[in-house]
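Accompanying notes for the structure given below.
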Amino acid sequence: LNEIFFGLNSYGIASASLTYFNKPVTELTIGEAAYLAALPKAPSNYNPFRNHDAALERRNWVIDRMVENGYVTKEDGEAAKKTDLGVNPKKSNSYLFASEYFASEVRRQIIEKYGEKSLFEGGLSVRTSLDPQLQRFARKALQDGLIKYDETRGFHGLISTIDTGADWGGPLSKVQPFADVPEWKLAVVLATDEEGVDIGIRPSVDAAGKIDEARTTGRIPARAMKWAYRSASADRKSAKNPTGVLNTGDVVYVEPIADEPGTYQLRQPPKVQGGFVAMDPHTGRVLAMVGGFSYNQSEFNRATQAMRQPGSSFKPFVYAAALDNGYTPASVVLDAPIEIVSGGTVWRPQNYGGGSAGPSTLRLGIEKSRNLMTVRLANDMGMNVVAEYAERFGIYDKMQPVLSMSLGSGETTVLRMVSAYSVLANGGKQIKPTLIDRIQDRYGKTIFKHEESICQACNADDWTEQDEPEVIDNREQVLDPMTAYQITSMMQGVIQRGTAAGKIRLESDVAGKTGTTNDEKDTWFVGYTPNLVAGLYIGMDDPKPLGRGATGGSLPAPLFNEFMQAALKGQKPEKFILPEGMKLIAVNRKTGMQAFDGEPDTIMEAFKPGTGPADVFSVIGAEEFATPEEIMNSSQQAKDAVEGGQGGLF
């Protein structure tokens with residue numbers, strides 16, 4: 001009785017009592033108790049809304065048996081049979097707005113761990129890592145970006161067409177809206193003119209399927225639908241006013257305009273999609289997850305299930321591997337055309353937008369996202385090293401060690417990328433991403449917990465003036481903390497001067513990296529402050545070009561900014577902390593050599609103990625491209641260094 005299925009996603013009599021009548025079992029009336037007793041035989045056959053008469057008949061049969069067996073008097077039984085079912089469905093207090101993708105992923109993981117029966121019948125108590133406020137912020141940021149981009153591509157948002165005869169409310173009520181996008185309303189076009197569109201709003205329908213008799217109308221002014229004048233169809237036909245966009249009987253989505261009662265703006269479900277994840281970098285707890293525009297539109301979770309090329313957002317891990325193996329942020333790599341011959345074919349990578357900058361520091365390579373520099377750096381290190389780091393960070397389980405992978409051509413997920421960036425944010429500690437904090441069985445026994453820190457003295461029976469217990473951090477150190485700071489500092493430059501310049505404005509220190517794949521099919525941004533990491537991609541489910549100018553800096557970076565501004569509002573600004581033992585030295589941005597007092601175009605660069613700016617001008621990759629004289633002519637400081645007898649060129 002405490003475990004069997006009662007319908008409406010209820011298992012056990014106590015759950016059924018709350019679900020059907022919104023009250024505990026002890027408060028049920030005779031009729032209510034009889035109805036619940038009737039359900040286990042065939043819950044769907046006695047659904048109180050779809051099969052009301054059958055449910056009522058079965059309930060009354062149960063009441064007769066209760067009278068016959070002496071559990072209630074004949075008078076009370078007859079009185080109970082005269083009442084209606086009285087079902088009052090519980091408005092679930094366990095539902096969190098915008099949490100559908102997150103909850104679905106939690107269910108999937110529980111089934112994977114314990115099986116489907118344990119999920120639905122095991123009486124498990126699951127505590128998740130979800131932060132409801134951050135989840136709303138993430139949903140809004142992603143939806144805002146998808147809507148904005150989609151509207152620039154033209155109108156394709158016709159949902160259906162209905163008859164607007166005697167009563168348009170009936171036919172319109174049969175069109176199902178997105179339940180998880182309550183800001184939007186379904187509406188039918190009643191009339192159009194050059195100034196706007198008259199609409200009727202879909203009437204509400206109760207749990208029993210009864211349609212509200214009230215009819216609400218409104219208007220879409222021309223100014224609120226000008227984006228739709230351009231058609232998204234292949235002919236790109238344009239309209240001059242609303243009459244060329246919509247016709248009477250068309251069903252569309254609309255959204256109320258604030259402070260203008262009865263006035264709406266035209267909306268359409270976007271074709272473009274994306275995934276978003278926010279994480280605590282110190283614990284791996286997933287605080288927010290959005291897998292697409294609407295779970296009702298598509299249950300496919302693009303944050304965990306979509307395998308996409310991360311593009312240049314992968315580059316920080318190539319550079320981190322280099323910094324961990326003897327290079328510095330001031331090391332100079334040649335940014336110039338390169339040819340890679342493999343298997344009889346020639347690969348000629350290019351920088352986004354073409355062009356090259358000659359000898360440049362690793363910092364500039366990250367800030368400006370230079371493909372040619374990255375390929376040369378990976379080639380100089382060896383792709384086996386890069387692959388080992390990518391696997392260490394959890395981006396790939398097994399990465400093919402080919403040079404194209406250094407530019408992010410291998411497919412991975414948003415969750416994996418955000419987890420990898422969390423390692424950079426927390427100083428190089430390995431983390432295990434999780435949506436679940438703890439699981440308890442029906443008896444209260446903890447059968448899973450994410451926290452793995454060791455605290456042997458935390459469960460002392462009493463206090464005898466002993467010292468406070470020490471929590472031992474047993475996470476693996478997968479990256480030198482000094483390397484993590486160096487790559488973080490370089491990615492701060494991405495936001496200050498690089499491919500995301502002007503897109504992100506936070507009071508806290510923030511680092512991040514853009515990503516754009518070939519033909520602008522996917523655009524990425526992953527970034528972090530000292531205590532919060534977030535990342536997202538935008539692209540079509542069936543990958544296709546998003547259009548020239550669609551980059552990680554133009555599409556997802558502003559959405560990262562929108563989320564972070566909301567998430568950090570009211571919090572004290574935080575700074576990235578320079579690890580003890582590192583030193584800051586002024587270097588020339590172009591040559592990477594130590595800058596002189598008063599020298600222009602310099603930057604303070606962080607160096608590990610025993611390292612510093614080069615004494616000689618050395619260029620990685622120069623040997624196959626330029627003569628020493630050509631390199632000298634590209635840099636006055638390099639020329640001065642050579643002529644001053646400070647060494648040679650490499």
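Labels for the structure tokens follow display order: chains A, B, ..., residues from 1 in each chain, ligands from 1.
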Selection near stretch 476-481 of chain A, 6 Å with only C-alpha atoms, sequence-local residues under 6 positions removed, as a PyMOL selection string: chain A and resi 427-430
Long-range neighbours of stretch 499-505 of chain A as a list in words, 7 Å cut-off, only C-alpha atoms, 5 positions minimum in chain: Glu367, Lys368, Val494, Thr514, Gly553, Ala557, Pro558 and Asn561 of chain A
Within 10 Å of A:Gln466 using only C-alpha atoms, minus same-chain residues under 4 positions, as an MDAnalysis selection string: chainID A and resid 457 460 462
Exercise: A:Ile201 partners within 6 Å, only C-alpha atoms, chain neighbours under 3 positions left out, as an MDAnalysis selection string: chainID A and resid 187 216:217
Distance query stretch 413-423 of chain A at most 9 Å, only C-alpha atoms, self and fewer than 3 positions along chain excluded, as an MDAnalysis selection string: chainID A and resid 275:282 284 286 289 302:310 313:314 316:317 390 392:396 426:433 478:479 484 512 526:528 532:537
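Atom CA of A:Ala511 sits 5.9 Å away from atom CA of A:Thr488.
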Å distance separating atom CA of A:Gly249 from atom CA of A:Ser294, one decimal place: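 Separation of atom CA of A:Gly249 and atom CA of A:Ser294: 25.0 Å.
Of the listed residues (A:Lys449, A:Lys608, A:Lys398, A:Lys575), A:Lys575 comes nearest to A:Ala425; the distances count only C-alpha atoms.
When the distance limit is 12 Å and only C-alpha atoms are what count, the residues near A:Gln133, minus those fewer than 3 positions from it on the same chain, are Leu96, Phe97, Ala98, Ser99, Leu130, Arg136, Phe137, Ala138, Arg139, Lys140, Ala278, Leu287, Ala288, Met289, Phe563, Ala566, Ala567, Leu568 and Lys569 of chain A.
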Writing out the chosen residues with N, CA and C atoms as a short mmCIF file (atom, residue, chain, number, x, y, z; two decimals), in the first residue's frame:
```
data_model
loop_
_atom_site.label_atom_id
_atom_site.label_comp_id
_atom_site.auth_asym_id
_atom_site.auth_seq_id
_atom_site.Cartn_x
_atom_site.Cartn_y
_atom_site.Cartn_z
N LEU A 96 10.35 23.21 -9.35
CA LEU A 96 11.12 24.44 -9.41
C LEU A 96 11.07 24.97 -10.84
N PHE A 97 10.69 26.21 -10.99
CA PHE A 97 10.56 26.82 -12.30
C PHE A 97 11.88 26.73 -13.08
N ALA A 98 11.79 26.36 -14.33
CA ALA A 98 12.93 26.30 -15.26
C ALA A 98 13.90 25.17 -14.96
N SER A 99 13.48 24.20 -14.16
CA SER A 99 14.41 23.14 -13.74
C SER A 99 14.26 21.85 -14.55
N LEU A 130 21.26 22.16 -7.38
CA LEU A 130 20.61 23.26 -8.10
C LEU A 130 20.43 24.50 -7.23
N ARG A 136 17.26 30.38 -12.87
CA ARG A 136 16.40 31.35 -13.57
C ARG A 136 17.26 32.33 -14.38
N PHE A 137 18.37 32.75 -13.79
CA PHE A 137 19.26 33.68 -14.51
C PHE A 137 19.82 33.02 -15.76
N ALA A 138 20.23 31.75 -15.65
CA ALA A 138 20.80 31.04 -16.79
C ALA A 138 19.76 30.86 -17.89
N ARG A 139 18.55 30.46 -17.50
CA ARG A 139 17.48 30.29 -18.47
C ARG A 139 17.20 31.59 -19.22
N LYS A 140 17.09 32.68 -18.49
CA LYS A 140 16.78 33.95 -19.12
C LYS A 140 17.89 34.38 -20.08
N ALA A 278 26.41 26.34 -15.24
CA ALA A 278 27.13 27.13 -14.24
C ALA A 278 27.55 26.19 -13.12
N LEU A 287 25.38 24.30 -10.49
CA LEU A 287 24.42 25.21 -9.88
C LEU A 287 23.26 25.56 -10.80
N ALA A 288 23.51 25.47 -12.10
CA ALA A 288 22.46 25.77 -13.08
C ALA A 288 22.76 25.00 -14.36
N MET A 289 21.71 24.56 -15.02
CA MET A 289 21.86 23.84 -16.29
C MET A 289 20.64 24.09 -17.16
N PHE A 563 24.29 36.74 -17.52
CA PHE A 563 24.14 35.81 -16.40
C PHE A 563 25.00 36.23 -15.22
N ALA A 566 23.80 39.25 -13.21
CA ALA A 566 22.67 38.92 -12.34
C ALA A 566 23.12 38.06 -11.16
N ALA A 567 24.00 37.09 -11.43
CA ALA A 567 24.43 36.16 -10.38
C ALA A 567 25.27 36.85 -9.31
N LEU A 568 26.06 37.85 -9.70
CA LEU A 568 27.00 38.49 -8.76
C LEU A 568 26.47 39.80 -8.20
N LYS A 569 25.26 40.18 -8.58
CA LYS A 569 24.70 41.44 -8.12
C LYS A 569 24.63 41.48 -6.59
#
```
Within 10 Å of stretch 2-11 of chain A, counting only C-alpha atoms, which residues show up once you throw out same-chain ones fewer than 5 positions away? Write them as a tab-separated table (two decimals) with N, CA and C atoms, in the first residue's frame, please.
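What ended up in selection.tsv:
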```tsv
chain	number	residue	atom	x	y	z
A	16	ALA	N	-0.48	9.57	-2.81
A	16	ALA	CA	-1.72	9.69	-3.57
A	16	ALA	C	-2.70	10.63	-2.88
A	17	SER	N	-2.77	10.56	-1.57
A	17	SER	CA	-3.68	11.43	-0.82
A	17	SER	C	-3.33	12.90	-1.04
A	18	LEU	N	-2.05	13.19	-1.04
A	18	LEU	CA	-1.61	14.57	-1.27
A	18	LEU	C	-1.84	14.98	-2.73
A	19	THR	N	-1.55	14.06	-3.65
A	19	THR	CA	-1.68	14.38	-5.07
A	19	THR	C	-3.12	14.63	-5.48
A	20	TYR	N	-4.03	13.76	-5.06
A	20	TYR	CA	-5.42	13.86	-5.51
A	20	TYR	C	-6.26	14.83	-4.69
A	36	LEU	N	-9.47	6.42	-3.67
A	36	LEU	CA	-8.07	6.00	-3.70
A	36	LEU	C	-7.95	4.48	-3.67
A	37	ALA	N	-8.84	3.83	-2.95
A	37	ALA	CA	-8.82	2.37	-2.89
A	37	ALA	C	-9.19	1.76	-4.23
A	38	ALA	N	-9.93	2.51	-5.04
A	38	ALA	CA	-10.35	2.00	-6.34
A	38	ALA	C	-9.24	2.11	-7.39
A	39	LEU	N	-8.26	2.95	-7.16
A	39	LEU	CA	-7.28	3.26	-8.19
A	39	LEU	C	-6.27	2.17	-8.52
A	40	PRO	N	-5.70	1.45	-7.55
A	40	PRO	CA	-4.60	0.51	-7.88
A	40	PRO	C	-4.93	-0.50	-8.97
A	41	LYS	N	-6.18	-0.91	-9.09
A	41	LYS	CA	-6.54	-1.90	-10.10
A	41	LYS	C	-6.19	-1.40	-11.51
A	42	ALA	N	-6.50	-0.13	-11.80
A	42	ALA	CA	-6.25	0.44	-13.13
A	42	ALA	C	-6.29	1.96	-13.04
A	43	PRO	N	-5.22	2.59	-12.60
A	43	PRO	CA	-5.22	4.04	-12.38
A	43	PRO	C	-5.64	4.84	-13.61
A	44	SER	N	-5.18	4.45	-14.78
A	44	SER	CA	-5.52	5.24	-15.97
A	44	SER	C	-6.99	5.07	-16.35
A	45	ASN	N	-7.57	3.88	-16.07
A	45	ASN	CA	-8.98	3.67	-16.41
A	45	ASN	C	-9.91	4.50	-15.54
A	46	TYR	N	-9.42	4.86	-14.34
A	46	TYR	CA	-10.26	5.62	-13.41
A	46	TYR	C	-9.70	7.03	-13.18
A	47	ASN	N	-9.06	7.56	-14.23
A	47	ASN	CA	-8.57	8.93	-14.16
A	47	ASN	C	-9.75	9.87	-13.91
A	89	PRO	N	-6.33	18.45	-7.28
A	89	PRO	CA	-4.91	18.12	-7.50
A	89	PRO	C	-3.97	19.08	-6.78
A	120	PHE	N	11.62	5.21	-9.22
A	120	PHE	CA	10.19	5.45	-9.09
A	120	PHE	C	9.55	4.75	-7.89
A	121	GLU	N	10.18	3.69	-7.40
A	121	GLU	CA	9.55	2.92	-6.32
A	121	GLU	C	10.44	2.74	-5.10
A	122	GLY	N	11.65	3.23	-5.16
A	122	GLY	CA	12.60	2.97	-4.08
A	122	GLY	C	12.50	3.90	-2.89
A	123	GLY	N	11.65	4.92	-2.95
A	123	GLY	CA	11.51	5.84	-1.83
A	123	GLY	C	12.75	6.66	-1.57
```
DSSP-assigned alpha helix (DSSP H) members of stretch 107-235 of chain A, reported as number ranges by chain: A: 107-114, 116-121, 132-152, 169-173
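Here atom CA of A:Ala166 stands at a distance of 13.3 Å from atom CA of A:Glu213.
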Top pick for closest residue to A:Ser406, considering A:Lys148, A:Lys174, A:Arg50, A:Arg376 and counting only C-alpha atoms: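 Among the listed residues, A:Arg376 lies closest to A:Ser406.
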Backbone-only DSSP, strand (DSSP E or B) members of stretch 20-240 of chain A, as a ChimeraX atom specification: /A:125-128,155,160-161,185-193,196-201,205,211,216-221,230-231,238
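Counting only C-alpha atoms and comparing A:Pro401, A:Gly196, A:Gly154, A:Gly145, the residue that lies closest to A:Thr523 is A:Gly145.
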Given only C-alpha atoms as the counted atoms, nearest of A:Pro609, A:Gly444, A:Pro221, A:Pro359 to A:Ser331: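 Using only C-alpha atoms, the shortest distance to A:Ser331 belongs to A:Pro359.
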